[in-house]
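Heads up: the structure comes next, in structure tokens.
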Amino acid sequence: MEFIGEKLLQVVIALAIFAAVIGLIMLLVDRAPKSVKDKVTVAGFLAPAAILMVVGLVYPAIRTSMLAFTDAGGNANGFDNFVWMFTQPEALTTLRNTVIWTVLVPLLSTSFGLAYAVFIDKARGEKVLKSLVFMPMAISFVGAGIIWKLVYDYRGPNIEQTGVINFFRDALGMDPKQFLLDAPENTIFLIIVMVWIQTGFAMVILSAAIKGVPVELIEAARLDGANAWQQFRNVTVPGIRGALVVVLTTITIATLKVFDIVRTMTAGNYDTSVVANEMYTQAFRAGEPGRGAALALILFLMVLPIVVYNARVLRKQREIH
């Protein structure tokens with residue numbers, strides 16, 4: 001109790017000092033000339049964010065970049081970590097899997113989300129159907145990994161199957177399958193989990209974009225004799241191009257950073273590792289922080305062009321509007 005009382009006293013004193021400093025700053029700002037006051041006000045608002053950005057983003061980025069050129073003992077080793085990354089079979093498998101994830105997840109999630117947005121739009125029970133599709137977004141990646149691990153569960157031949165898919169396979173007289181052990185298709189089964197989560201996000205954004213397409217354009221296309229597919233391809237898709245870019249780039253960035261699903265379901269074993277998971281494995285499991293930092297640097301370089309492209313598209317849209 002005495003220890004807790006001391007801690008509470010320290011917290012109260014710290015808060016009091018913080019309040020006094022803020023009060024003093026506000027007093028000085030209030031008494032300062034208008035031009036100086038404006039500058040101080042702006043600096044006061046920007047300073048906390050700038051400090052947090054330097055401490056939480058800039059410094060770690062510089063530190064990680066330096067660490068990428070060191071060995072397990074912290075000694076400089078040049079480009080050895082990057083040579084390992086592009087020459088060793090396990091590292092190449094990791095890069096290959098990351099590319100497969102980055103290609104399939106955004107395309108499938110956006111395609112399914114667009115299909116749902118088009119076919120469920122204005123349908124009976126639209127709100128309920130969209131809620132069901134969006135519901136996986138409310139589940140954490142770890143929770144989704146656990147759920148789907150139970151779906152893929154394998155218990156061996158002549159043993160009662162508890163996994164959903166293998167239960168039905170067994171009921172139909174088919175042999176149970178080791179979905180998460182057999183490479184390379186096990187990567188596809190992990191990708192399904194990510195698609196299941198991201199489809200709801202794509203559907204919500206694209207559904208809102210579709211509702212924003214002017215009805216007059218669709219009616220004009222219909223009067224010109226365009227069928228439903230032609231209306232969708234020539235009117236709806238161009239009208240939601242900006243939303244499609246945002247959805248694709250957002251899901252791509254999330255996919256490049258995927259860690260939780262792989263770590264929860266396979267821990268990166270059986271040739272399923274991706275860059276984010278291998279970064280963790282090398283840095284904290286294998287005792288190779290330099291390799292982990294090199295993987296983090298590569299991951300950053302992979303994400304950066306997508307972020308820059310997305311920013312340019314958004315800027316052009318602002319200029320148009």
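Scheme for the structure tokens: letters A, B, ... for chains in order shown; per-chain residue numbers from 1; ligand numbers from 1 in order shown.
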Please list as a list in words every residue within 9 Å of Thr264 (chain A), counting only C-alpha atoms and excluding residues in the same chain fewer than 6 positions away. Phe141, Val142, Gly143, Gly145, Ile146 and Lys149 of chain A
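Near Ile251 (chain A), within 8 Å and counting only C-alpha atoms, sit Val105, Pro106 and Gln198 of chain A; same-chain residues fewer than 6 positions away were not included.
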Give me, as number ranges by chain, the residues of region 34-157 of chain A that a backbone DSSP run labels helix (DSSP H, G or I). A: 34-67, 80-85, 89-120, 126-138, 141-151
Spatial neighbours of region 160-175 of chain A, max dist 10 Å, only C-alpha atoms, sep filter under 4 positions, as JSON, numbers by chain: {"A": [148, 149, 150, 151, 152, 153, 154, 155, 156, 179]}
Sorted by chain and rising residue number, which residues of region 280-306 of chain A lie within 12 Å of region 73-76 of chain A, and what are their closest atom pairs and distances in Å to one decimal, counting only C-alpha atoms, as a Markdown table?
| residue | atom | partner | partner_atom | distance |
| --- | --- | --- | --- | --- |
| A:Gly287 | CA | A:Gly73 | CA | 9.3 |
| A:Glu288 | CA | A:Gly73 | CA | 8.5 |
| A:Pro289 | CA | A:Gly74 | CA | 8.5 |
| A:Gly290 | CA | A:Gly74 | CA | 7.7 |
| A:Arg291 | CA | A:Gly74 | CA | 11.2 |
| A:Ala293 | CA | A:Gly74 | CA | 11.8 |
Which residues of region 135-237 of chain A have any atom within 12 Å of an atom in region 86-93 of chain A when counting only C-alpha atoms, and what is the closest pair of atoms for each, with the distance in Å to one decimal? Order the rows by chain and rising number and write it as CSV.
residue,atom,partner,partner_atom,distance
A:Ala183,CA,A:Thr93,CA,10.9
A:Pro184,CA,A:Thr93,CA,10.0
A:Thr187,CA,A:Thr93,CA,11.0
Could you please take those selected residues and save N, CA and C atoms as an mmCIF file, in the first residue's frame?
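Wrote out-v5.cif, looks like this:
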data_model
loop_
_atom_site.group_PDB
_atom_site.id
_atom_site.type_symbol
_atom_site.label_atom_id
_atom_site.label_comp_id
_atom_site.auth_asym_id
_atom_site.auth_seq_id
_atom_site.Cartn_x
_atom_site.Cartn_y
_atom_site.Cartn_z
ATOM 1 N N ALA A 183 3.066 -27.777 -48.622
ATOM 2 C CA ALA A 183 3.484 -26.628 -49.440
ATOM 3 C C ALA A 183 3.402 -27.008 -50.916
ATOM 4 N N PRO A 184 3.171 -26.058 -51.822
ATOM 5 C CA PRO A 184 3.013 -24.605 -51.572
ATOM 6 C C PRO A 184 1.565 -24.164 -51.385
ATOM 7 N N THR A 187 0.133 -21.859 -48.459
ATOM 8 C CA THR A 187 0.156 -20.395 -48.546
ATOM 9 C C THR A 187 -1.175 -19.857 -49.073
#
